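Raw entry_37.txt, compact mmCIF, C-alpha atoms and all ligand atoms:
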# COMPACT_ATOMS: atom_id res chain seq x y z
CA MET A 269 -21.66 13.20 16.13
CA SER A 270 -20.26 16.16 18.03
CA VAL A 271 -16.83 17.43 17.05
CA PRO A 272 -14.56 18.45 19.94
CA ALA A 273 -13.02 21.94 19.85
CA ARG A 274 -9.66 20.65 21.02
CA VAL A 275 -7.87 17.28 20.93
CA PRO A 276 -4.20 16.36 21.25
CA VAL A 277 -4.01 14.95 17.69
CA VAL A 278 -6.04 15.72 14.55
CA ILE A 279 -5.66 13.00 11.92
CA ILE A 280 -6.37 14.00 8.32
CA GLY A 281 -7.44 11.00 6.22
CA GLY A 282 -9.36 7.86 7.18
CA GLY A 283 -7.42 5.29 5.13
CA PRO A 284 -5.43 2.52 6.81
CA ALA A 285 -2.73 4.93 8.07
CA GLY A 286 -5.13 7.39 9.71
CA LEU A 287 -7.43 4.74 11.19
CA LEU A 288 -4.55 2.70 12.60
CA LEU A 289 -3.00 5.79 14.18
CA ALA A 290 -6.33 6.68 15.79
CA ARG A 291 -6.60 3.12 17.13
CA LEU A 292 -3.07 3.00 18.59
CA LEU A 293 -3.55 6.44 20.21
CA GLN A 294 -6.93 5.41 21.65
CA LEU A 295 -5.42 2.25 23.17
CA ALA A 296 -2.83 4.49 24.89
CA GLY A 297 -5.52 6.88 26.16
CA VAL A 298 -4.68 9.71 23.72
CA GLU A 299 -7.71 11.41 22.14
CA SER A 300 -7.81 12.13 18.42
CA VAL A 301 -10.28 13.04 15.68
CA VAL A 302 -10.12 11.59 12.17
CA LEU A 303 -11.27 13.81 9.28
CA GLU A 304 -12.09 11.84 6.11
CA ARG A 305 -13.14 13.46 2.85
CA GLN A 306 -15.12 10.51 1.46
CA THR A 307 -18.15 8.61 2.72
CA ARG A 308 -17.45 5.55 4.80
CA ALA A 309 -19.06 3.33 2.15
CA HIS A 310 -16.63 4.70 -0.43
CA VAL A 311 -13.57 4.12 1.76
CA MET A 312 -14.69 0.58 2.56
CA SER A 313 -15.41 -0.37 -1.04
CA ARG A 314 -12.00 0.65 -2.48
CA VAL A 315 -10.27 -2.52 -3.67
CA ARG A 316 -6.58 -2.07 -3.12
CA ALA A 317 -3.82 -3.92 -1.31
CA GLY A 318 -4.12 -7.56 -0.33
CA VAL A 319 -0.71 -8.65 0.93
CA LEU A 320 0.37 -8.02 4.51
CA GLU A 321 3.97 -8.33 5.65
CA TRP A 322 4.44 -10.23 8.90
CA GLY A 323 5.39 -7.01 10.70
CA THR A 324 2.05 -5.55 9.61
CA VAL A 325 0.24 -8.63 10.91
CA GLU A 326 1.94 -8.18 14.28
CA VAL A 327 1.10 -4.46 14.47
CA LEU A 328 -2.57 -5.20 13.68
CA ARG A 329 -2.64 -7.90 16.36
CA SER A 330 -1.04 -5.53 18.89
CA ALA A 331 -3.76 -3.00 18.04
CA SER A 332 -6.37 -5.70 18.86
CA VAL A 333 -7.74 -5.63 15.32
CA GLY A 334 -6.22 -8.93 14.20
CA ASP A 335 -8.86 -11.50 15.23
CA ARG A 336 -10.79 -11.61 11.95
CA MET A 337 -7.54 -11.41 9.99
CA ASP A 338 -6.26 -14.46 11.87
CA ARG A 339 -9.52 -16.32 11.23
CA GLU A 340 -10.15 -15.35 7.62
CA GLY A 341 -6.73 -14.36 6.22
CA PHE A 342 -4.48 -16.81 4.40
CA VAL A 343 -0.88 -17.35 5.42
CA HIS A 344 1.33 -17.85 2.37
CA ASP A 345 4.81 -19.28 2.81
CA GLY A 346 6.08 -18.05 -0.55
CA VAL A 347 5.30 -16.67 -4.02
CA SER A 348 6.08 -17.88 -7.53
CA LEU A 349 7.87 -16.00 -10.28
CA SER A 350 7.17 -17.19 -13.81
CA PHE A 351 9.42 -16.66 -16.81
CA ALA A 352 10.50 -18.65 -19.87
CA ASP A 353 7.44 -20.89 -19.45
CA ARG A 354 8.48 -22.06 -15.98
CA LEU A 355 7.36 -21.36 -12.42
CA LEU A 356 9.99 -20.61 -9.78
CA HIS A 357 8.70 -20.99 -6.23
CA VAL A 358 10.45 -18.81 -3.65
CA ASP A 359 10.07 -20.37 -0.22
CA PHE A 360 9.80 -17.43 2.20
CA ALA A 361 9.30 -19.60 5.27
CA GLY A 362 12.33 -21.75 4.51
CA LEU A 363 14.56 -18.82 3.55
CA THR A 364 13.56 -16.28 6.20
CA GLY A 365 11.41 -18.09 8.78
CA ARG A 366 8.64 -15.60 7.97
CA SER A 367 5.52 -15.62 5.81
CA ILE A 368 2.98 -13.16 4.44
CA MET A 369 -0.76 -12.85 5.09
CA VAL A 370 -3.29 -12.44 2.26
CA TYR A 371 -6.04 -10.25 3.73
CA GLY A 372 -7.60 -7.37 1.81
CA GLN A 373 -7.05 -3.70 2.67
CA THR A 374 -10.84 -3.35 2.57
CA GLU A 375 -11.08 -5.87 5.42
CA VAL A 376 -8.30 -4.16 7.42
CA THR A 377 -10.23 -0.89 7.04
CA LYS A 378 -13.51 -2.48 8.17
CA ASP A 379 -11.82 -3.97 11.26
CA LEU A 380 -10.29 -0.59 12.17
CA TYR A 381 -13.59 1.28 11.71
CA ALA A 382 -15.37 -1.29 13.90
CA ALA A 383 -12.76 -0.96 16.67
CA LEU A 384 -12.85 2.86 16.57
CA ASP A 385 -16.67 2.94 16.61
CA GLU A 386 -16.75 0.63 19.59
CA ALA A 387 -14.23 2.80 21.45
CA GLY A 388 -16.15 6.00 20.60
CA VAL A 389 -13.37 7.65 18.57
CA VAL A 390 -14.74 10.48 16.41
CA VAL A 391 -14.30 9.79 12.69
CA VAL A 392 -15.86 12.57 10.63
CA ASP A 393 -16.83 11.35 7.16
CA ARG A 394 -17.49 13.69 4.21
CA ALA A 395 -15.26 16.39 5.77
CA ALA A 396 -14.72 19.06 3.09
CA ASP A 397 -12.09 21.79 2.74
CA VAL A 398 -9.89 20.24 5.43
CA LEU A 399 -6.90 22.50 6.06
CA PRO A 400 -4.13 22.43 8.69
CA HIS A 401 -3.03 25.88 9.97
CA ASP A 402 -0.03 27.23 11.90
CA VAL A 403 1.73 23.87 11.99
CA ALA A 404 5.11 25.63 12.15
CA GLY A 405 4.15 27.21 15.51
CA ASP A 406 3.12 25.87 18.91
CA ALA A 407 -0.65 26.17 18.45
CA PRO A 408 -1.76 24.41 15.26
CA PHE A 409 -5.40 23.93 14.32
CA VAL A 410 -7.37 22.31 11.56
CA THR A 411 -10.48 23.69 9.86
CA PHE A 412 -13.08 21.86 7.81
CA VAL A 413 -16.69 21.96 6.71
CA ASP A 414 -18.97 19.08 7.67
CA ALA A 415 -21.55 17.31 5.50
CA ASP A 416 -24.28 19.75 6.67
CA GLY A 417 -22.19 22.73 5.60
CA ALA A 418 -21.16 23.78 9.14
CA ALA A 419 -17.62 25.13 9.55
CA HIS A 420 -15.41 23.71 12.35
CA ARG A 421 -12.07 24.50 13.93
CA ILE A 422 -10.20 21.93 16.03
CA ASP A 423 -7.19 23.09 18.05
CA CYS A 424 -4.52 20.47 18.70
CA ALA A 425 -0.93 19.78 19.68
CA TYR A 426 -0.09 17.77 16.55
CA VAL A 427 -1.51 17.12 13.09
CA ALA A 428 -1.05 13.75 11.37
CA GLY A 429 -1.25 14.01 7.57
CA CYS A 430 -2.53 10.56 6.56
CA ASP A 431 -4.49 11.76 3.54
CA GLY A 432 -2.83 9.81 0.76
CA PHE A 433 -0.97 10.92 -2.34
CA HIS A 434 -3.63 13.46 -3.42
CA GLY A 435 -4.23 14.86 0.08
CA VAL A 436 -3.89 18.39 1.38
CA SER A 437 -1.34 17.85 4.17
CA ARG A 438 1.78 17.63 2.04
CA THR A 439 0.80 20.81 0.17
CA VAL A 440 1.08 23.01 3.28
CA ILE A 441 4.79 22.23 3.60
CA PRO A 442 6.68 25.13 1.95
CA SER A 443 8.59 24.14 -1.17
CA ALA A 444 11.75 25.56 0.37
CA VAL A 445 11.50 22.86 3.05
CA ALA A 446 10.17 19.88 1.08
CA ARG A 447 12.22 17.86 -1.34
CA THR A 448 10.55 15.29 -3.58
CA TYR A 449 11.89 12.36 -5.57
CA GLU A 450 9.82 10.75 -8.28
CA ARG A 451 9.82 8.06 -10.95
CA VAL A 452 6.75 7.64 -13.14
CA TYR A 453 6.60 4.33 -15.04
CA PRO A 454 5.45 4.27 -18.69
CA PHE A 455 2.62 1.75 -18.18
CA GLY A 456 -0.24 0.92 -15.84
CA TRP A 457 -1.87 -2.15 -14.31
CA LEU A 458 -5.32 -3.20 -15.36
CA GLY A 459 -6.82 -5.13 -12.45
CA ILE A 460 -9.95 -7.23 -12.13
CA LEU A 461 -11.67 -8.97 -9.27
CA SER A 462 -13.60 -12.11 -10.17
CA GLU A 463 -15.53 -14.69 -8.20
CA THR A 464 -13.44 -17.57 -9.49
CA PRO A 465 -10.99 -19.92 -7.73
CA PRO A 466 -7.42 -18.52 -7.86
CA VAL A 467 -5.21 -20.12 -10.50
CA ASN A 468 -2.55 -20.91 -7.89
CA ASP A 469 -2.35 -21.42 -4.11
CA GLU A 470 0.15 -18.55 -3.89
CA LEU A 471 0.74 -15.36 -5.90
CA ILE A 472 2.35 -15.61 -9.35
CA TYR A 473 4.44 -12.70 -10.69
CA ALA A 474 4.70 -13.34 -14.43
CA HIS A 475 7.41 -12.03 -16.77
CA SER A 476 6.44 -12.58 -20.40
CA ALA A 477 7.06 -11.33 -23.93
CA ARG A 478 3.59 -9.69 -23.82
CA GLY A 479 4.26 -7.85 -20.56
CA PHE A 480 3.83 -8.42 -16.85
CA ALA A 481 0.91 -10.16 -15.13
CA LEU A 482 0.09 -10.81 -11.48
CA CYS A 483 -2.16 -13.55 -10.17
CA SER A 484 -3.35 -12.71 -6.70
CA MET A 485 -6.39 -13.55 -4.61
CA ARG A 486 -8.55 -12.58 -1.66
CA HIS A 487 -9.94 -16.02 -0.79
CA ALA A 488 -10.74 -19.46 -2.21
CA LEU A 489 -13.45 -18.06 -4.51
CA LEU A 490 -12.25 -14.52 -5.15
CA SER A 491 -9.33 -13.86 -7.50
CA ARG A 492 -7.48 -10.61 -8.15
CA TYR A 493 -5.58 -10.49 -11.45
CA TYR A 494 -3.57 -7.75 -13.13
CA VAL A 495 -1.99 -7.28 -16.55
CA GLN A 496 0.46 -4.53 -17.50
CA CYS A 497 -1.15 -2.24 -20.10
CA PRO A 498 -0.47 1.11 -21.80
CA LEU A 499 -1.12 4.07 -19.51
CA ASP A 500 -3.62 5.68 -21.85
CA ASP A 501 -5.79 2.57 -22.31
CA ALA A 502 -9.46 3.06 -21.43
CA LEU A 503 -11.27 0.52 -19.27
CA ASP A 504 -13.84 -0.15 -21.97
CA ALA A 505 -11.02 -1.23 -24.28
CA TRP A 506 -10.66 -4.19 -21.95
CA PRO A 507 -13.82 -6.33 -22.02
CA ASP A 508 -13.50 -9.44 -19.84
CA ASP A 509 -12.76 -11.77 -22.77
CA ARG A 510 -9.78 -9.67 -23.83
CA PHE A 511 -8.49 -9.53 -20.27
CA TRP A 512 -8.67 -13.29 -19.77
CA SER A 513 -7.02 -14.15 -23.07
CA GLU A 514 -4.23 -11.64 -22.39
CA LEU A 515 -3.68 -12.99 -18.89
CA ARG A 516 -3.63 -16.58 -20.15
CA ALA A 517 -1.06 -15.67 -22.82
CA ARG A 518 1.27 -14.21 -20.15
CA LEU A 519 1.24 -17.26 -17.87
CA PRO A 520 3.33 -20.40 -18.19
CA THR A 521 1.46 -23.18 -20.04
CA GLU A 522 0.99 -25.21 -16.86
CA ALA A 523 -0.71 -22.33 -15.00
CA ALA A 524 -2.66 -21.09 -18.04
CA ALA A 525 -4.27 -24.53 -18.33
CA ARG A 526 -5.59 -24.20 -14.77
CA LEU A 527 -7.01 -20.66 -15.15
CA VAL A 528 -10.74 -20.49 -14.41
CA THR A 529 -12.42 -17.43 -15.92
CA GLY A 530 -15.69 -15.66 -15.13
CA PRO A 531 -17.27 -12.21 -15.14
CA SER A 532 -15.28 -9.42 -13.50
CA ILE A 533 -16.99 -7.77 -10.53
CA GLU A 534 -14.51 -4.85 -10.41
CA LYS A 535 -12.11 -3.44 -12.97
CA SER A 536 -9.61 -0.62 -12.51
CA LEU A 537 -6.52 0.92 -14.03
CA THR A 538 -3.64 1.92 -11.75
CA PRO A 539 -0.73 4.11 -12.83
CA LEU A 540 2.66 3.11 -11.38
CA ARG A 541 4.80 5.64 -9.58
CA SER A 542 7.63 5.83 -7.05
CA PHE A 543 7.50 9.04 -5.01
CA VAL A 544 9.09 10.19 -1.75
CA ALA A 545 8.72 13.54 0.03
CA GLU A 546 11.41 14.52 2.51
CA PRO A 547 11.23 15.26 5.35
CA LEU A 548 8.04 13.67 6.68
CA ARG A 549 7.75 16.43 9.27
CA PHE A 550 7.13 20.14 9.17
CA GLY A 551 6.83 21.67 12.64
CA ARG A 552 3.87 19.93 14.28
CA LEU A 553 2.66 18.28 11.08
CA PHE A 554 3.74 14.68 10.40
CA LEU A 555 3.14 12.85 7.11
CA ALA A 556 2.53 9.10 7.10
CA GLY A 557 1.66 6.51 4.45
CA ASP A 558 0.85 7.52 0.88
CA ALA A 559 0.78 11.20 1.92
CA GLY A 560 4.57 11.00 2.17
CA HIS A 561 5.52 8.28 -0.29
CA VAL A 562 4.11 6.04 -3.00
CA VAL A 563 5.50 2.85 -4.49
CA PRO A 564 4.37 0.85 -7.52
CA PRO A 565 2.22 -2.08 -6.33
CA THR A 566 4.73 -4.62 -7.70
CA GLY A 567 6.34 -5.31 -4.34
CA ALA A 568 3.06 -5.08 -2.35
CA LYS A 569 4.62 -2.45 -0.09
CA GLY A 570 2.29 0.60 0.01
CA LEU A 571 -0.07 -0.47 2.77
CA ASN A 572 2.79 -2.07 4.66
CA LEU A 573 4.79 1.17 4.62
CA ALA A 574 1.75 3.05 5.91
CA VAL A 575 1.67 0.62 8.84
CA SER A 576 5.38 0.91 9.62
CA ASP A 577 5.20 4.73 9.51
CA ILE A 578 2.30 4.62 11.95
CA HIS A 579 4.11 2.17 14.19
CA TYR A 580 6.89 4.78 14.61
CA LEU A 581 4.62 7.82 14.70
CA ALA A 582 2.12 6.47 17.23
CA ALA A 583 4.89 5.56 19.68
CA ALA A 584 6.49 8.99 19.26
CA LEU A 585 3.21 10.90 19.74
CA ILE A 586 2.25 8.82 22.78
CA ASP A 587 5.66 9.46 24.32
CA ALA A 588 5.50 13.21 23.68
CA LEU A 589 1.91 13.58 24.85
CA SER A 590 2.30 11.54 28.01
CA GLY A 591 4.96 13.87 29.36
CA GLY A 592 7.86 11.81 28.07
CA SER A 593 10.32 12.99 25.50
CA THR A 594 9.94 14.47 22.01
CA THR A 595 12.98 12.57 20.74
CA GLY A 596 10.76 10.06 18.92
CA LEU A 597 9.03 12.89 17.08
CA ASP A 598 12.38 14.48 16.25
CA GLU A 599 13.64 11.18 14.86
CA TYR A 600 10.39 10.11 13.17
CA SER A 601 11.14 11.34 9.66
CA ASP A 602 14.65 9.86 9.46
CA ARG A 603 13.55 6.58 11.01
CA ALA A 604 10.54 6.12 8.76
CA LEU A 605 12.38 7.21 5.61
CA ALA A 606 15.24 4.77 6.21
CA ARG A 607 12.73 1.93 5.91
CA VAL A 608 10.71 3.63 3.17
CA TRP A 609 13.70 4.01 0.83
CA LYS A 610 14.56 0.32 1.10
CA ALA A 611 11.00 -0.57 0.08
CA VAL A 612 11.14 2.02 -2.72
CA ARG A 613 14.30 0.35 -3.97
CA PHE A 614 12.78 -3.14 -3.82
CA SER A 615 9.55 -2.09 -5.58
CA TRP A 616 11.53 -0.25 -8.29
CA TRP A 617 13.85 -3.25 -8.78
CA LEU A 618 10.96 -5.74 -9.07
CA THR A 619 9.09 -3.41 -11.42
CA ARG A 620 12.12 -3.10 -13.70
CA LEU A 621 12.77 -6.83 -13.58
CA MET A 622 9.25 -7.97 -14.47
CA HIS A 623 7.79 -5.42 -16.94
CA ARG A 624 8.25 -4.69 -20.62
CA PHE A 625 9.32 -1.07 -21.06
CA PRO A 626 8.33 0.73 -24.30
CA ASP A 627 11.94 1.78 -24.94
CA GLN A 628 13.39 -1.57 -23.95
CA GLU A 629 16.23 -2.79 -26.17
CA PRO A 630 17.25 -6.43 -26.71
CA PHE A 631 20.11 -5.85 -24.25
CA ASP A 632 17.67 -4.86 -21.49
CA LEU A 633 15.60 -7.97 -22.08
CA LYS A 634 18.70 -10.16 -21.87
CA ILE A 635 19.58 -8.52 -18.54
CA GLN A 636 16.08 -9.28 -17.19
CA GLU A 637 16.38 -12.90 -18.34
CA ALA A 638 19.85 -13.22 -16.81
CA GLU A 639 18.63 -11.81 -13.51
CA LEU A 640 15.65 -14.18 -13.39
CA SER A 641 17.92 -17.10 -14.23
CA TYR A 642 20.34 -15.99 -11.48
CA LEU A 643 17.43 -15.80 -9.03
CA ALA A 644 16.36 -19.32 -10.01
CA GLY A 645 19.83 -20.74 -9.42
CA SER A 646 21.03 -18.79 -6.40
CA PRO A 647 19.73 -19.42 -2.87
CA ALA A 648 21.47 -16.17 -1.85
CA ALA A 649 19.53 -14.15 -4.45
CA GLN A 650 16.28 -15.84 -3.41
CA GLN A 651 17.00 -15.07 0.21
CA SER A 652 17.47 -11.38 -0.56
CA PHE A 653 14.21 -11.36 -2.56
CA ALA A 654 12.38 -13.21 0.23
CA GLU A 655 13.75 -10.95 2.99
CA ASN A 656 12.52 -7.85 1.19
CA TYR A 657 9.16 -9.32 0.20
CA VAL A 658 8.19 -10.53 3.68
CA GLY A 659 9.27 -7.11 4.95
CA LEU A 660 12.35 -5.69 6.63
CA GLY A 661 12.25 -5.30 10.39
CA PHE A 662 10.74 -2.20 12.02
C1 LIG B 1 -4.88 -0.96 -7.20
C2 LIG B 1 -3.95 -0.84 -6.01
C3 LIG B 1 -3.34 -2.01 -5.53
C4 LIG B 1 -2.50 -1.92 -4.42
N1 LIG B 1 -1.91 -3.08 -3.95
C5 LIG B 1 -1.15 -3.02 -2.84
C6 LIG B 1 -0.62 -4.23 -2.25
O1 LIG B 1 -0.83 -5.35 -2.72
N2 LIG B 1 0.10 -4.10 -1.11
C7 LIG B 1 0.32 -2.89 -0.52
O2 LIG B 1 0.96 -2.84 0.54
N3 LIG B 1 -0.16 -1.75 -1.05
C8 LIG B 1 -0.90 -1.78 -2.19
N4 LIG B 1 -1.44 -0.62 -2.69
C9 LIG B 1 -1.16 0.63 -2.02
C10 LIG B 1 -2.03 0.84 -0.81
O3 LIG B 1 -3.39 0.69 -1.16
C11 LIG B 1 -1.77 2.24 -0.24
O4 LIG B 1 -0.38 2.36 -0.03
C12 LIG B 1 -2.50 2.48 1.07
O5 LIG B 1 -3.89 2.67 0.81
C13 LIG B 1 -1.95 3.69 1.81
O6 LIG B 1 -2.76 3.98 2.92
P1 LIG B 1 -2.92 5.48 3.40
O7 LIG B 1 -3.86 5.42 4.55
O8 LIG B 1 -1.58 6.07 3.57
O9 LIG B 1 -3.57 6.25 2.18
P2 LIG B 1 -5.00 6.08 1.52
O10 LIG B 1 -5.46 4.66 1.57
O11 LIG B 1 -4.93 6.75 0.20
O12 LIG B 1 -5.95 6.90 2.49
C14 LIG B 1 -5.95 8.31 2.50
C15 LIG B 1 -7.32 8.77 2.92
O13 LIG B 1 -7.32 10.19 3.01
C16 LIG B 1 -8.49 10.70 2.42
N5 LIG B 1 -8.24 12.06 1.98
C17 LIG B 1 -7.58 12.49 0.89
N6 LIG B 1 -7.53 13.81 0.83
C18 LIG B 1 -8.20 14.26 1.91
C19 LIG B 1 -8.49 15.55 2.41
N7 LIG B 1 -8.09 16.66 1.75
N8 LIG B 1 -9.19 15.66 3.56
C20 LIG B 1 -9.59 14.55 4.23
N9 LIG B 1 -9.33 13.30 3.79
C21 LIG B 1 -8.63 13.15 2.65
C22 LIG B 1 -8.80 9.73 1.29
O14 LIG B 1 -10.16 9.74 0.92
C23 LIG B 1 -8.39 8.39 1.91
O15 LIG B 1 -9.45 7.74 2.56
C24 LIG B 1 -2.27 -0.67 -3.79
C25 LIG B 1 -2.89 0.49 -4.28
C26 LIG B 1 -3.72 0.41 -5.37
C27 LIG B 1 -4.40 1.67 -5.88
Translate this file's structure into structure tokens.
Amino acid sequence: MSVPARVPVVIIGGGPAGLLLARLLQLAGVESVVLERQTRAHVMSRVRAGVLEWGTVEVLRSASVGDRMDREGFVHDGVSLSFADRLLHVDFAGLTGRSIMVYGQTEVTKDLYAALDEAGVVVVDRAADVLPHDVAGDAPFVTFVDADGAAHRIDCAYVAGCDGFHGVSRTVIPSAVARTYERVYPFGWLGILSETPPVNDELIYAHSARGFALCSMRHALLSRYYVQCPLDDALDAWPDDRFWSELRARLPTEAAARLVTGPSIEKSLTPLRSFVAEPLRFGRLFLAGDAGHVVPPTGAKGLNLAVSDIHYLAAALIDALSGGSTTGLDEYSDRALARVWKAVRFSWWLTRLMHRFPDQEPFDLKIQEAELSYLAGSPAAQQSFAENYVGLGF
């Protein structure tokens, strides 16, 4: 694959944010190159998000990458919260008129790669030492080394930093310009994927004396389950039998009785963090998705925030590059962050409500129980939960 010497936009990172940006630009006739550090097989095998807000569904459809999602995804009209041995169903459709779509991030990524390949967009895999230069000036460029060891330089008008939390893009913003906000949670999530029927038709978020658990799924024969665990636990401390008995103990009796167990086909430990970098722009460099902000997976917001950032950024870049105005670019950071912070708040709130904290006192537990009981009895509280979960407007 030949790498052009100049394109309007260089996109660093081939996760959902970078691939979706490349797709939206291509549909508008704007050329870009995506530089991805990993192999394509690696990117496509990462098991991550599985819940799409309705706004995300609509963006994917508008990018003409929604056909398989509409065929194979599952529309859920609500989720259940469990506590005190009961299941509380929150009816999203009834409360907000909107639903969510269960469709794995891996599948979204595959659909985007297929669309970009078909359109001939250059996605460079195994790009090493990627580095943006001169982004504060009018003539930025990006350098990298390809898989054969050849060095490249691509000149561009704009650089999109879509390279996730551990990427390089955010690091080139001087510390005098960047401000960061962070909350690290004192536990992790141990997740497994198993080829078993999901315990419930919809997701269950479980509050229990033993800690949090989440019952999620990919399809009728593929379940995704998580249990809260200490941050320093090793994966081999969690053989499948221990995982299943811990999960069962955290579910209400009625759901535990329905749980079907089987061998795990994937197991991972995820730390939980809230993080926001401000602003999301430095000169001609724009951060989007996990490169600019991270949320704990509790509210299922990370992938969805990447999509809303790209929705704003793509429109702004297209406007600026097609001879229109740069107002969208000037407003991008404020616009994206206004939505990001609301999702950060929701994810933080749900994390605090559902987990056991190591330093939790009896008072804190009583507050959690009171809040869950309030949620169960108040249509207004359920509506607020539902509105945030299905996703705030773009
Ligand atoms: C276990 C788990 C469960 C999750 N569950 C949910 C959920 O249910 N709902 C939800 O919305 N979100 C969820 N998330 C979060 C979601 O997966 C992320 O928010 C999402 O992947 C962000 O997309 P992104 O494209 O911004 O970043 P990433 O997916 O991290 O993509 C960044 C890409 O950049 C590449 N890269 C990094 N550094 C460089 C470099 N120097 N040069 C070139 N390329 C580079 C990386 O290899 C990667 O491919 C979950 C995350 C995890 C880990």
Selected residue of minimal separation from A:Cys483 among A:Val427, A:Val277, A:Ile422, A:Leu349, counting all atoms listed in the file: A:Leu349
Quick one: axis-aligned box around all listed atoms of stretch 493-506 of chain A, 4 Å on every side, centre and edge lengths in Å to one decimal, written as AutoDock Vina command-line options.
--center_x -6.7 --center_y -2.4 --center_z -17.9 --size_x 22.3 --size_y 24.2 --size_z 20.8
Hey, which residues sit close to ligand LIG 1 (chain B)? Say within 6 Å, counting all atoms listed in the file, and write them as a PyMOL selection string. chain A and resi 280-286+303-306+311+316-319+398+430-432+434-436+538+557-559+565+568-572+574
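For A:Arg354, the non-local neighbours within 10 Å, defined as residues at least 2 positions apart in the same chain or in other chains and counting all atoms listed in the file, are A:Ser348, A:Leu349, A:Ser350, A:Phe351, A:Ala352, A:Leu356, A:His357, A:Ala474, A:Leu519, A:Pro520, A:Thr521, A:Glu522, A:Ala523.
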What would the file look like if the residues just selected were written as a PDB file, in the coordinates of the input with C-alpha atoms?
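Output contents, as saved in selection-v9.pdb:
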ATOM      1  CA  SER A 348       6.080 -17.880  -7.530  1.00  0.00           C
ATOM      2  CA  LEU A 349       7.870 -16.000 -10.280  1.00  0.00           C
ATOM      3  CA  SER A 350       7.170 -17.190 -13.810  1.00  0.00           C
ATOM      4  CA  PHE A 351       9.420 -16.660 -16.810  1.00  0.00           C
ATOM      5  CA  ALA A 352      10.500 -18.650 -19.870  1.00  0.00           C
ATOM      6  CA  LEU A 356       9.990 -20.610  -9.780  1.00  0.00           C
ATOM      7  CA  HIS A 357       8.700 -20.990  -6.230  1.00  0.00           C
ATOM      8  CA  ALA A 474       4.700 -13.340 -14.430  1.00  0.00           C
ATOM      9  CA  LEU A 519       1.240 -17.260 -17.870  1.00  0.00           C
ATOM     10  CA  PRO A 520       3.330 -20.400 -18.190  1.00  0.00           C
ATOM     11  CA  THR A 521       1.460 -23.180 -20.040  1.00  0.00           C
ATOM     12  CA  GLU A 522       0.990 -25.210 -16.860  1.00  0.00           C
ATOM     13  CA  ALA A 523      -0.710 -22.330 -15.000  1.00  0.00           C
TER      14      ALA A 523
END
Please check which residues have atoms at most 7 Å from (0.4, -10.1, 6.8) in the file's coordinates, counting all atoms listed in the file, and write them as a compact mmCIF listing (two decimals) with C-alpha atoms, in the coordinates of the input.
# COMPACT_ATOMS: atom_id res chain seq x y z
CA VAL A 319 -0.71 -8.65 0.93
CA LEU A 320 0.37 -8.02 4.51
CA GLU A 321 3.97 -8.33 5.65
CA TRP A 322 4.44 -10.23 8.90
CA THR A 324 2.05 -5.55 9.61
CA VAL A 325 0.24 -8.63 10.91
CA ILE A 368 2.98 -13.16 4.44
CA MET A 369 -0.76 -12.85 5.09
CA VAL A 370 -3.29 -12.44 2.26
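Picture a line from atom CA of A:Leu461 to atom CA of A:Phe360; it runs 25.8 Å.
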Residues at most 8 Å from stretch 288-296 of chain A, counting only C-alpha atoms, excluding those fewer than 4 positions away in the same chain, as a JSON list (two decimals) with C-alpha atoms, in the frame of the given file?
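Result went into part_11.json, see below:
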[["chain", "number", "residue", "atom", "x", "y", "z"],
["A", 279, "ILE", "CA", -5.66, 13.00, 11.92],
["A", 284, "PRO", "CA", -5.43, 2.52, 6.81],
["A", 300, "SER", "CA", -7.81, 12.13, 18.42],
["A", 301, "VAL", "CA", -10.28, 13.04, 15.68],
["A", 302, "VAL", "CA", -10.12, 11.59, 12.17],
["A", 331, "ALA", "CA", -3.76, -3.00, 18.04],
["A", 380, "LEU", "CA", -10.29, -0.59, 12.17],
["A", 383, "ALA", "CA", -12.76, -0.96, 16.67],
["A", 384, "LEU", "CA", -12.85, 2.86, 16.57],
["A", 387, "ALA", "CA", -14.23, 2.80, 21.45],
["A", 389, "VAL", "CA", -13.37, 7.65, 18.57],
["A", 575, "VAL", "CA", 1.67, 0.62, 8.84],
["A", 578, "ILE", "CA", 2.30, 4.62, 11.95],
["A", 579, "HIS", "CA", 4.11, 2.17, 14.19],
["A", 581, "LEU", "CA", 4.62, 7.82, 14.70],
["A", 582, "ALA", "CA", 2.12, 6.47, 17.23],
["A", 586, "ILE", "CA", 2.25, 8.82, 22.78]]
Contact residues around A:Ser590 with all atoms listed in the file at 12 Å, ignoring same-chain residues under 3 positions, as an MDAnalysis selection string: chainID A and resid 276 293 296:299 582:587 593:594
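With all atoms listed in the file as the basis for measurement, A:Asp353 is the residue among A:Glu629, A:Asp353, A:Met622, A:Thr411 that approaches A:Arg516 most closely.
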7 Å contact set for stretch 634-646 of chain A, all atoms listed in the file, chain neighbours under 3 positions out, as a list in words: Leu356, Leu621, Pro630, Phe631, Ala649 and Gln650 of chain A
Please determine, counting all atoms listed in the file, which residue among A:Leu355, A:Lys535, A:Ala428, A:Glu546 has the shortest atom-to-atom distance to A:Val445. A:Glu546
Taking all atoms listed in the file into account, produce a table as a tab-separated table in which each residue of stretch 449-481 of chain A with an atom at most 9 Å from an atom of stretch 530-533 of chain A appears once, together with its shortest atom pair and the distance in Å to one decimal, ordered by chain and rising number.
residue	atom	partner	partner_atom	distance
A:Ile460	CA	A:Ser532	CA	5.9
A:Leu461	CA	A:Ser532	CA	5.6
A:Ser462	CA	A:Ser532	CA	4.6
A:Glu463	CA	A:Gly530	CA	7.0
A:Thr464	CA	A:Gly530	CA	6.4
Stretch 514-595 of chain A near stretch 602-617 of chain A within 6 Å: what's each residue's closest atom pair and its distance in Å to one decimal, counting all atoms listed in the file, ordered by chain then ascending residue number, as CSV?
residue,atom,partner,partner_atom,distance
A:Val563,CA,A:Val612,CA,6.0
A:Thr566,CA,A:Ser615,CA,5.8
A:Gly567,CA,A:Ser615,CA,4.7
A:Asp577,CA,A:Ala604,CA,5.6
